[in-house]
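Trainee: Dropping in structure-v6.cif, with mmCIF, N, CA and C atoms.
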```
data_entry
loop_
_atom_site.label_atom_id
_atom_site.label_comp_id
_atom_site.auth_asym_id
_atom_site.auth_seq_id
_atom_site.Cartn_x
_atom_site.Cartn_y
_atom_site.Cartn_z
N MET A 1 1.59 -11.29 52.70
CA MET A 1 2.54 -12.25 53.26
C MET A 1 3.70 -11.47 53.86
N SER A 2 4.07 -11.85 55.07
CA SER A 2 5.20 -11.20 55.71
C SER A 2 6.50 -11.74 55.13
N GLN A 3 7.56 -11.04 55.38
CA GLN A 3 8.86 -11.45 54.87
C GLN A 3 9.52 -12.42 55.84
N ILE A 4 10.44 -13.19 55.30
CA ILE A 4 11.22 -14.10 56.13
C ILE A 4 12.54 -13.41 56.48
N ASN A 5 13.25 -13.98 57.46
CA ASN A 5 14.56 -13.45 57.82
C ASN A 5 15.51 -14.63 58.04
N LYS A 6 16.79 -14.33 58.12
CA LYS A 6 17.79 -15.39 58.18
C LYS A 6 17.83 -16.11 59.52
N GLU A 7 17.14 -15.59 60.52
CA GLU A 7 17.10 -16.25 61.82
C GLU A 7 16.03 -17.35 61.87
N MET A 8 15.14 -17.38 60.88
CA MET A 8 14.08 -18.38 60.87
C MET A 8 14.65 -19.77 60.60
N LEU A 9 14.02 -20.78 61.21
CA LEU A 9 14.45 -22.15 61.03
C LEU A 9 14.00 -22.67 59.67
N ILE A 10 14.76 -23.60 59.11
CA ILE A 10 14.43 -24.19 57.81
C ILE A 10 13.01 -24.77 57.87
N GLY A 11 12.69 -25.47 58.95
CA GLY A 11 11.35 -26.04 59.09
C GLY A 11 10.26 -24.99 59.04
N GLU A 12 10.51 -23.83 59.64
CA GLU A 12 9.54 -22.74 59.62
C GLU A 12 9.35 -22.20 58.21
N LEU A 13 10.45 -22.09 57.49
CA LEU A 13 10.39 -21.56 56.13
C LEU A 13 9.52 -22.42 55.23
N ILE A 14 9.69 -23.73 55.33
CA ILE A 14 8.91 -24.64 54.50
C ILE A 14 7.43 -24.54 54.87
N MET A 15 7.13 -24.29 56.14
CA MET A 15 5.74 -24.15 56.57
C MET A 15 5.13 -22.84 56.05
N VAL A 16 5.95 -21.81 55.86
CA VAL A 16 5.46 -20.54 55.32
C VAL A 16 4.95 -20.75 53.90
N ASP A 17 5.74 -21.44 53.08
CA ASP A 17 5.35 -21.69 51.69
C ASP A 17 6.22 -22.83 51.17
N GLU A 18 5.59 -23.89 50.69
CA GLU A 18 6.35 -25.04 50.19
C GLU A 18 7.18 -24.70 48.96
N GLY A 19 6.88 -23.59 48.31
CA GLY A 19 7.66 -23.15 47.16
C GLY A 19 9.06 -22.69 47.53
N ILE A 20 9.32 -22.51 48.82
CA ILE A 20 10.66 -22.13 49.27
C ILE A 20 11.61 -23.32 49.15
N TYR A 21 11.08 -24.53 49.29
CA TYR A 21 11.90 -25.75 49.21
C TYR A 21 12.74 -25.79 47.93
N PRO A 22 12.14 -25.62 46.74
CA PRO A 22 12.97 -25.66 45.51
C PRO A 22 14.01 -24.54 45.45
N ILE A 23 13.74 -23.41 46.07
CA ILE A 23 14.72 -22.32 46.09
C ILE A 23 15.94 -22.76 46.89
N LEU A 24 15.70 -23.38 48.04
CA LEU A 24 16.81 -23.83 48.89
C LEU A 24 17.60 -24.93 48.20
N VAL A 25 16.92 -25.88 47.59
CA VAL A 25 17.60 -26.96 46.88
C VAL A 25 18.39 -26.40 45.70
N GLY A 26 17.79 -25.46 44.99
CA GLY A 26 18.47 -24.84 43.85
C GLY A 26 19.72 -24.06 44.25
N ALA A 27 19.74 -23.60 45.50
CA ALA A 27 20.91 -22.88 46.00
C ALA A 27 22.00 -23.83 46.48
N GLY A 28 21.70 -25.13 46.45
CA GLY A 28 22.71 -26.11 46.87
C GLY A 28 22.44 -26.77 48.21
N MET A 29 21.32 -26.46 48.81
CA MET A 29 20.97 -27.05 50.11
C MET A 29 20.17 -28.33 49.87
N HIS A 30 20.84 -29.38 49.45
CA HIS A 30 20.17 -30.63 49.12
C HIS A 30 19.74 -31.40 50.36
N CYS A 31 20.16 -30.98 51.52
CA CYS A 31 19.81 -31.68 52.75
C CYS A 31 18.58 -31.07 53.42
N VAL A 32 17.85 -30.23 52.74
CA VAL A 32 16.69 -29.55 53.32
C VAL A 32 15.66 -30.54 53.85
N GLY A 33 15.54 -31.69 53.23
CA GLY A 33 14.57 -32.69 53.67
C GLY A 33 15.03 -33.48 54.88
N CYS A 34 16.28 -33.36 55.27
CA CYS A 34 16.82 -34.09 56.41
C CYS A 34 16.20 -33.53 57.70
N PRO A 35 15.75 -34.40 58.60
CA PRO A 35 15.15 -33.92 59.85
C PRO A 35 16.05 -32.98 60.66
N ALA A 36 17.35 -33.20 60.64
CA ALA A 36 18.27 -32.35 61.40
C ALA A 36 18.29 -30.93 60.85
N SER A 37 18.11 -30.77 59.54
CA SER A 37 18.16 -29.43 58.95
C SER A 37 16.96 -28.58 59.35
N GLN A 38 15.88 -29.21 59.74
CA GLN A 38 14.67 -28.49 60.10
C GLN A 38 14.88 -27.58 61.32
N ALA A 39 15.86 -27.89 62.15
CA ALA A 39 16.13 -27.10 63.35
C ALA A 39 17.27 -26.12 63.17
N GLU A 40 17.81 -26.01 61.96
CA GLU A 40 18.86 -25.04 61.66
C GLU A 40 18.24 -23.75 61.18
N SER A 41 18.87 -22.63 61.52
CA SER A 41 18.40 -21.37 60.96
C SER A 41 18.85 -21.27 59.51
N LEU A 42 18.20 -20.43 58.77
CA LEU A 42 18.58 -20.21 57.38
C LEU A 42 20.03 -19.72 57.32
N GLU A 43 20.39 -18.87 58.24
CA GLU A 43 21.76 -18.34 58.27
C GLU A 43 22.77 -19.45 58.51
N GLU A 44 22.51 -20.33 59.49
CA GLU A 44 23.43 -21.43 59.77
C GLU A 44 23.58 -22.35 58.56
N ALA A 45 22.45 -22.70 57.96
CA ALA A 45 22.48 -23.60 56.80
C ALA A 45 23.21 -22.95 55.63
N ALA A 46 22.99 -21.66 55.42
CA ALA A 46 23.65 -20.96 54.32
C ALA A 46 25.16 -20.97 54.50
N TYR A 47 25.63 -20.68 55.69
CA TYR A 47 27.08 -20.65 55.93
C TYR A 47 27.70 -22.03 55.74
N VAL A 48 27.01 -23.07 56.17
CA VAL A 48 27.53 -24.43 56.00
C VAL A 48 27.71 -24.75 54.51
N HIS A 49 26.84 -24.20 53.68
CA HIS A 49 26.88 -24.48 52.25
C HIS A 49 27.60 -23.40 51.44
N GLY A 50 28.23 -22.45 52.12
CA GLY A 50 28.98 -21.41 51.42
C GLY A 50 28.12 -20.44 50.65
N ILE A 51 26.92 -20.18 51.17
CA ILE A 51 25.96 -19.29 50.50
C ILE A 51 25.79 -18.04 51.35
N ASP A 52 25.70 -16.89 50.72
CA ASP A 52 25.45 -15.65 51.45
C ASP A 52 23.99 -15.66 51.92
N PRO A 53 23.75 -15.68 53.23
CA PRO A 53 22.38 -15.77 53.72
C PRO A 53 21.51 -14.57 53.32
N ASP A 54 22.12 -13.40 53.20
CA ASP A 54 21.35 -12.22 52.81
C ASP A 54 20.84 -12.33 51.37
N ASP A 55 21.65 -12.90 50.50
CA ASP A 55 21.21 -13.11 49.11
C ASP A 55 20.05 -14.09 49.07
N LEU A 56 20.13 -15.13 49.89
CA LEU A 56 19.07 -16.13 49.92
C LEU A 56 17.78 -15.55 50.48
N VAL A 57 17.89 -14.75 51.53
CA VAL A 57 16.71 -14.08 52.10
C VAL A 57 16.06 -13.20 51.04
N GLU A 58 16.87 -12.46 50.31
CA GLU A 58 16.33 -11.59 49.26
C GLU A 58 15.61 -12.39 48.18
N GLU A 59 16.20 -13.50 47.76
CA GLU A 59 15.57 -14.33 46.73
C GLU A 59 14.23 -14.90 47.22
N ILE A 60 14.21 -15.38 48.46
CA ILE A 60 12.98 -15.96 49.00
C ILE A 60 11.91 -14.89 49.17
N ASN A 61 12.29 -13.72 49.68
CA ASN A 61 11.31 -12.65 49.86
C ASN A 61 10.77 -12.14 48.53
N THR A 62 11.61 -12.14 47.50
CA THR A 62 11.14 -11.77 46.16
C THR A 62 10.12 -12.78 45.67
N TYR A 63 10.40 -14.06 45.89
CA TYR A 63 9.45 -15.11 45.52
C TYR A 63 8.13 -14.92 46.28
N LEU A 64 8.20 -14.71 47.59
CA LEU A 64 6.99 -14.55 48.40
C LEU A 64 6.17 -13.34 47.98
N ALA A 65 6.83 -12.31 47.52
CA ALA A 65 6.12 -11.09 47.10
C ALA A 65 5.26 -11.33 45.86
N THR A 66 5.60 -12.36 45.10
CA THR A 66 4.84 -12.66 43.89
C THR A 66 3.68 -13.61 44.14
N ARG A 67 3.55 -14.11 45.34
CA ARG A 67 2.50 -15.09 45.69
C ARG A 67 1.21 -14.42 45.99
#
```
Please render this file's structure as structure tokens.

Mentor:
Amino acid sequence: MSQINKEMLIGELIMVDEGIYPILVGAGMHCVGCPASQAESLEEAAYVHGIDPDDLVEEINTYLATR
């Protein structure tokens, strides 16, 4: 599995692996299911929610590495 990056759209991330959804929600991104959020990059969404996008990328890539 390839790694994700912060420029990827939320919709793309969920298509990579549905297990990313709970990670995003757990980080405080409760609007992940909203259609508008699907067109936001991970970086944009992270900044809106006061989350360091690099930390989130690292957490998601660690999860993907175990799949």

Trainee: Which residues fall under the PyMOL selection byres ((chain A and resi 6-18) around 7) in this file, as a ChimeraX atom specification?

Mentor: /A:4-5,19-22,37-44,53-54,57

Trainee: Run the PyMOL selection byres ((chain A and resi 3) around 8) mentally over the shown coordinates, then write out the matched residues as a list in words, using the chain letters and numbers from the document.

Mentor: Met1, Ser2, Ile4, Asn5, Lys6, Ile60, Asn61, Thr62, Leu64 and Ala65 of chain A

Trainee: Create the file for the chosen residues now, containing N, CA and C atoms and written as a JSON list (two decimals), in the frame of the given file.

Mentor:
```
[["chain", "number", "residue", "atom", "x", "y", "z"],
["A", 1, "MET", "N", 1.59, -11.29, 52.70],
["A", 1, "MET", "CA", 2.54, -12.25, 53.26],
["A", 1, "MET", "C", 3.70, -11.47, 53.86],
["A", 2, "SER", "N", 4.07, -11.85, 55.07],
["A", 2, "SER", "CA", 5.20, -11.20, 55.71],
["A", 2, "SER", "C", 6.50, -11.74, 55.13],
["A", 4, "ILE", "N", 10.44, -13.19, 55.30],
["A", 4, "ILE", "CA", 11.22, -14.10, 56.13],
["A", 4, "ILE", "C", 12.54, -13.41, 56.48],
["A", 5, "ASN", "N", 13.25, -13.98, 57.46],
["A", 5, "ASN", "CA", 14.56, -13.45, 57.82],
["A", 5, "ASN", "C", 15.51, -14.63, 58.04],
["A", 6, "LYS", "N", 16.79, -14.33, 58.12],
["A", 6, "LYS", "CA", 17.79, -15.39, 58.18],
["A", 6, "LYS", "C", 17.83, -16.11, 59.52],
["A", 60, "ILE", "N", 14.21, -15.38, 48.46],
["A", 60, "ILE", "CA", 12.98, -15.96, 49.00],
["A", 60, "ILE", "C", 11.91, -14.89, 49.17],
["A", 61, "ASN", "N", 12.29, -13.72, 49.68],
["A", 61, "ASN", "CA", 11.31, -12.65, 49.86],
["A", 61, "ASN", "C", 10.77, -12.14, 48.53],
["A", 62, "THR", "N", 11.61, -12.14, 47.50],
["A", 62, "THR", "CA", 11.14, -11.77, 46.16],
["A", 62, "THR", "C", 10.12, -12.78, 45.67],
["A", 64, "LEU", "N", 8.20, -14.71, 47.59],
["A", 64, "LEU", "CA", 6.99, -14.55, 48.40],
["A", 64, "LEU", "C", 6.17, -13.34, 47.98],
["A", 65, "ALA", "N", 6.83, -12.31, 47.52],
["A", 65, "ALA", "CA", 6.12, -11.09, 47.10],
["A", 65, "ALA", "C", 5.26, -11.33, 45.86]]
```

Trainee: Would you work out the distance separating atom CA of Arg67 of chain A from atom C of Asp52 of chain A, expressed in Å to one decimal?

Mentor: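 It comes out at 22.4 Å.
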
Trainee: Can you spell out as a ChimeraX atom specification the set of residues that the PyMOL selection byres (((chain A and resi 28 and name CA) around 12) and name CA) selects in the structure I just provided?

Mentor: /A:21-27,29-32,45-52,56

Trainee: Please export segment 41-56 of chain A as a PDB file, in the first residue's frame, restricted to all heavy atoms.

Mentor:
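Output contents, as saved in decode_2.pdb:
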```
ATOM      1  N   SER A  41      -8.732  19.118   1.009  1.00  0.00           N
ATOM      2  CA  SER A  41      -7.519  18.330   1.222  1.00  0.00           C
ATOM      3  C   SER A  41      -7.399  18.008   2.708  1.00  0.00           C
ATOM      4  O   SER A  41      -7.999  18.687   3.556  1.00  0.00           O
ATOM      5  CB  SER A  41      -6.281  19.109   0.762  1.00  0.00           C
ATOM      6  OG  SER A  41      -6.004  20.175   1.654  1.00  0.00           O
ATOM      7  N   LEU A  42      -6.632  17.006   3.013  1.00  0.00           N
ATOM      8  CA  LEU A  42      -6.396  16.654   4.408  1.00  0.00           C
ATOM      9  C   LEU A  42      -5.773  17.840   5.139  1.00  0.00           C
ATOM     10  O   LEU A  42      -6.137  18.138   6.279  1.00  0.00           O
ATOM     11  CB  LEU A  42      -5.492  15.424   4.502  1.00  0.00           C
ATOM     12  CG  LEU A  42      -5.157  14.936   5.898  1.00  0.00           C
ATOM     13  CD1 LEU A  42      -6.419  14.564   6.667  1.00  0.00           C
ATOM     14  CD2 LEU A  42      -4.205  13.768   5.839  1.00  0.00           C
ATOM     15  N   GLU A  43      -4.881  18.530   4.475  1.00  0.00           N
ATOM     16  CA  GLU A  43      -4.225  19.686   5.092  1.00  0.00           C
ATOM     17  C   GLU A  43      -5.238  20.782   5.408  1.00  0.00           C
ATOM     18  O   GLU A  43      -5.234  21.341   6.512  1.00  0.00           O
ATOM     19  CB  GLU A  43      -3.136  20.222   4.163  1.00  0.00           C
ATOM     20  CG  GLU A  43      -2.361  21.387   4.741  1.00  0.00           C
ATOM     21  CD  GLU A  43      -1.196  21.788   3.864  1.00  0.00           C
ATOM     22  OE1 GLU A  43      -1.321  21.747   2.625  1.00  0.00           O
ATOM     23  OE2 GLU A  43      -0.156  22.148   4.433  1.00  0.00           O
ATOM     24  N   GLU A  44      -6.119  21.107   4.463  1.00  0.00           N
ATOM     25  CA  GLU A  44      -7.135  22.138   4.696  1.00  0.00           C
ATOM     26  C   GLU A  44      -8.043  21.757   5.859  1.00  0.00           C
ATOM     27  O   GLU A  44      -8.312  22.578   6.743  1.00  0.00           O
ATOM     28  CB  GLU A  44      -7.984  22.339   3.441  1.00  0.00           C
ATOM     29  CG  GLU A  44      -7.241  22.948   2.288  1.00  0.00           C
ATOM     30  CD  GLU A  44      -8.005  22.859   0.970  1.00  0.00           C
ATOM     31  OE1 GLU A  44      -8.817  21.926   0.783  1.00  0.00           O
ATOM     32  OE2 GLU A  44      -7.773  23.736   0.119  1.00  0.00           O
ATOM     33  N   ALA A  45      -8.507  20.521   5.848  1.00  0.00           N
ATOM     34  CA  ALA A  45      -9.410  20.063   6.906  1.00  0.00           C
ATOM     35  C   ALA A  45      -8.715  20.076   8.264  1.00  0.00           C
ATOM     36  O   ALA A  45      -9.320  20.448   9.273  1.00  0.00           O
ATOM     37  CB  ALA A  45      -9.926  18.665   6.579  1.00  0.00           C
ATOM     38  N   ALA A  46      -7.451  19.672   8.293  1.00  0.00           N
ATOM     39  CA  ALA A  46      -6.710  19.653   9.554  1.00  0.00           C
ATOM     40  C   ALA A  46      -6.576  21.057  10.127  1.00  0.00           C
ATOM     41  O   ALA A  46      -6.815  21.267  11.318  1.00  0.00           O
ATOM     42  CB  ALA A  46      -5.335  19.029   9.340  1.00  0.00           C
ATOM     43  N   TYR A  47      -6.229  22.019   9.298  1.00  0.00           N
ATOM     44  CA  TYR A  47      -6.061  23.389   9.787  1.00  0.00           C
ATOM     45  C   TYR A  47      -7.374  23.963  10.307  1.00  0.00           C
ATOM     46  O   TYR A  47      -7.395  24.650  11.324  1.00  0.00           O
ATOM     47  CB  TYR A  47      -5.479  24.292   8.703  1.00  0.00           C
ATOM     48  CG  TYR A  47      -3.991  24.122   8.528  1.00  0.00           C
ATOM     49  CD1 TYR A  47      -3.429  23.993   7.273  1.00  0.00           C
ATOM     50  CD2 TYR A  47      -3.124  24.088   9.620  1.00  0.00           C
ATOM     51  CE1 TYR A  47      -2.065  23.831   7.096  1.00  0.00           C
ATOM     52  CE2 TYR A  47      -1.759  23.923   9.467  1.00  0.00           C
ATOM     53  CZ  TYR A  47      -1.237  23.803   8.202  1.00  0.00           C
ATOM     54  OH  TYR A  47       0.115  23.645   8.043  1.00  0.00           O
ATOM     55  N   VAL A  48      -8.477  23.660   9.634  1.00  0.00           N
ATOM     56  CA  VAL A  48      -9.783  24.149  10.081  1.00  0.00           C
ATOM     57  C   VAL A  48     -10.104  23.612  11.476  1.00  0.00           C
ATOM     58  O   VAL A  48     -10.728  24.296  12.275  1.00  0.00           O
ATOM     59  CB  VAL A  48     -10.886  23.738   9.071  1.00  0.00           C
ATOM     60  CG1 VAL A  48     -12.277  23.930   9.653  1.00  0.00           C
ATOM     61  CG2 VAL A  48     -10.734  24.515   7.783  1.00  0.00           C
ATOM     62  N   HIS A  49      -9.643  22.401  11.766  1.00  0.00           N
ATOM     63  CA  HIS A  49      -9.937  21.769  13.047  1.00  0.00           C
ATOM     64  C   HIS A  49      -8.806  21.915  14.061  1.00  0.00           C
ATOM     65  O   HIS A  49      -8.838  21.296  15.123  1.00  0.00           O
ATOM     66  CB  HIS A  49     -10.267  20.282  12.831  1.00  0.00           C
ATOM     67  CG  HIS A  49     -11.552  20.080  12.123  1.00  0.00           C
ATOM     68  ND1 HIS A  49     -11.644  20.037  10.757  1.00  0.00           N
ATOM     69  CD2 HIS A  49     -12.812  19.944  12.595  1.00  0.00           C
ATOM     70  CE1 HIS A  49     -12.906  19.866  10.419  1.00  0.00           C
ATOM     71  NE2 HIS A  49     -13.637  19.815  11.507  1.00  0.00           N
ATOM     72  N   GLY A  50      -7.791  22.706  13.742  1.00  0.00           N
ATOM     73  CA  GLY A  50      -6.695  22.938  14.681  1.00  0.00           C
ATOM     74  C   GLY A  50      -5.815  21.731  14.905  1.00  0.00           C
ATOM     75  O   GLY A  50      -5.273  21.539  15.997  1.00  0.00           O
ATOM     76  N   ILE A  51      -5.661  20.908  13.863  1.00  0.00           N
ATOM     77  CA  ILE A  51      -4.874  19.676  13.954  1.00  0.00           C
ATOM     78  C   ILE A  51      -3.632  19.831  13.084  1.00  0.00           C
ATOM     79  O   ILE A  51      -3.709  20.381  11.984  1.00  0.00           O
ATOM     80  CB  ILE A  51      -5.706  18.476  13.453  1.00  0.00           C
ATOM     81  CG1 ILE A  51      -6.981  18.337  14.282  1.00  0.00           C
ATOM     82  CG2 ILE A  51      -4.900  17.192  13.467  1.00  0.00           C
ATOM     83  CD1 ILE A  51      -8.012  17.426  13.652  1.00  0.00           C
ATOM     84  N   ASP A  52      -2.503  19.346  13.553  1.00  0.00           N
ATOM     85  CA  ASP A  52      -1.285  19.373  12.746  1.00  0.00           C
ATOM     86  C   ASP A  52      -1.427  18.325  11.636  1.00  0.00           C
ATOM     87  O   ASP A  52      -1.532  17.131  11.923  1.00  0.00           O
ATOM     88  CB  ASP A  52      -0.073  19.051  13.617  1.00  0.00           C
ATOM     89  CG  ASP A  52       1.246  19.134  12.868  1.00  0.00           C
ATOM     90  OD1 ASP A  52       1.282  18.796  11.664  1.00  0.00           O
ATOM     91  OD2 ASP A  52       2.240  19.526  13.489  1.00  0.00           O
ATOM     92  N   PRO A  53      -1.450  18.752  10.377  1.00  0.00           N
ATOM     93  CA  PRO A  53      -1.660  17.801   9.287  1.00  0.00           C
ATOM     94  C   PRO A  53      -0.551  16.753   9.181  1.00  0.00           C
ATOM     95  O   PRO A  53      -0.813  15.608   8.807  1.00  0.00           O
ATOM     96  CB  PRO A  53      -1.734  18.668   8.034  1.00  0.00           C
ATOM     97  CG  PRO A  53      -1.085  19.955   8.409  1.00  0.00           C
ATOM     98  CD  PRO A  53      -1.282  20.114   9.877  1.00  0.00           C
ATOM     99  N   ASP A  54       0.664  17.118   9.535  1.00  0.00           N
ATOM    100  CA  ASP A  54       1.769  16.162   9.464  1.00  0.00           C
ATOM    101  C   ASP A  54       1.596  15.031  10.479  1.00  0.00           C
ATOM    102  O   ASP A  54       1.896  13.872  10.185  1.00  0.00           O
ATOM    103  CB  ASP A  54       3.113  16.869   9.659  1.00  0.00           C
ATOM    104  CG  ASP A  54       3.416  17.837   8.532  1.00  0.00           C
ATOM    105  OD1 ASP A  54       3.157  17.501   7.355  1.00  0.00           O
ATOM    106  OD2 ASP A  54       3.900  18.952   8.820  1.00  0.00           O
ATOM    107  N   ASP A  55       1.091  15.367  11.660  1.00  0.00           N
ATOM    108  CA  ASP A  55       0.819  14.331  12.668  1.00  0.00           C
ATOM    109  C   ASP A  55      -0.263  13.381  12.175  1.00  0.00           C
ATOM    110  O   ASP A  55      -0.164  12.161  12.355  1.00  0.00           O
ATOM    111  CB  ASP A  55       0.378  14.962  13.995  1.00  0.00           C
ATOM    112  CG  ASP A  55       1.501  15.688  14.711  1.00  0.00           C
ATOM    113  OD1 ASP A  55       2.689  15.474  14.362  1.00  0.00           O
ATOM    114  OD2 ASP A  55       1.191  16.476  15.628  1.00  0.00           O
ATOM    115  N   LEU A  56      -1.279  13.941  11.537  1.00  0.00           N
ATOM    116  CA  LEU A  56      -2.376  13.120  11.032  1.00  0.00           C
ATOM    117  C   LEU A  56      -1.909  12.215   9.897  1.00  0.00           C
ATOM    118  O   LEU A  56      -2.265  11.034   9.846  1.00  0.00           O
ATOM    119  CB  LEU A  56      -3.513  14.026  10.572  1.00  0.00           C
ATOM    120  CG  LEU A  56      -4.894  13.421  10.437  1.00  0.00           C
ATOM    121  CD1 LEU A  56      -5.304  12.616  11.653  1.00  0.00           C
ATOM    122  CD2 LEU A  56      -5.906  14.510  10.154  1.00  0.00           C
TER     123      LEU A  56
END
```
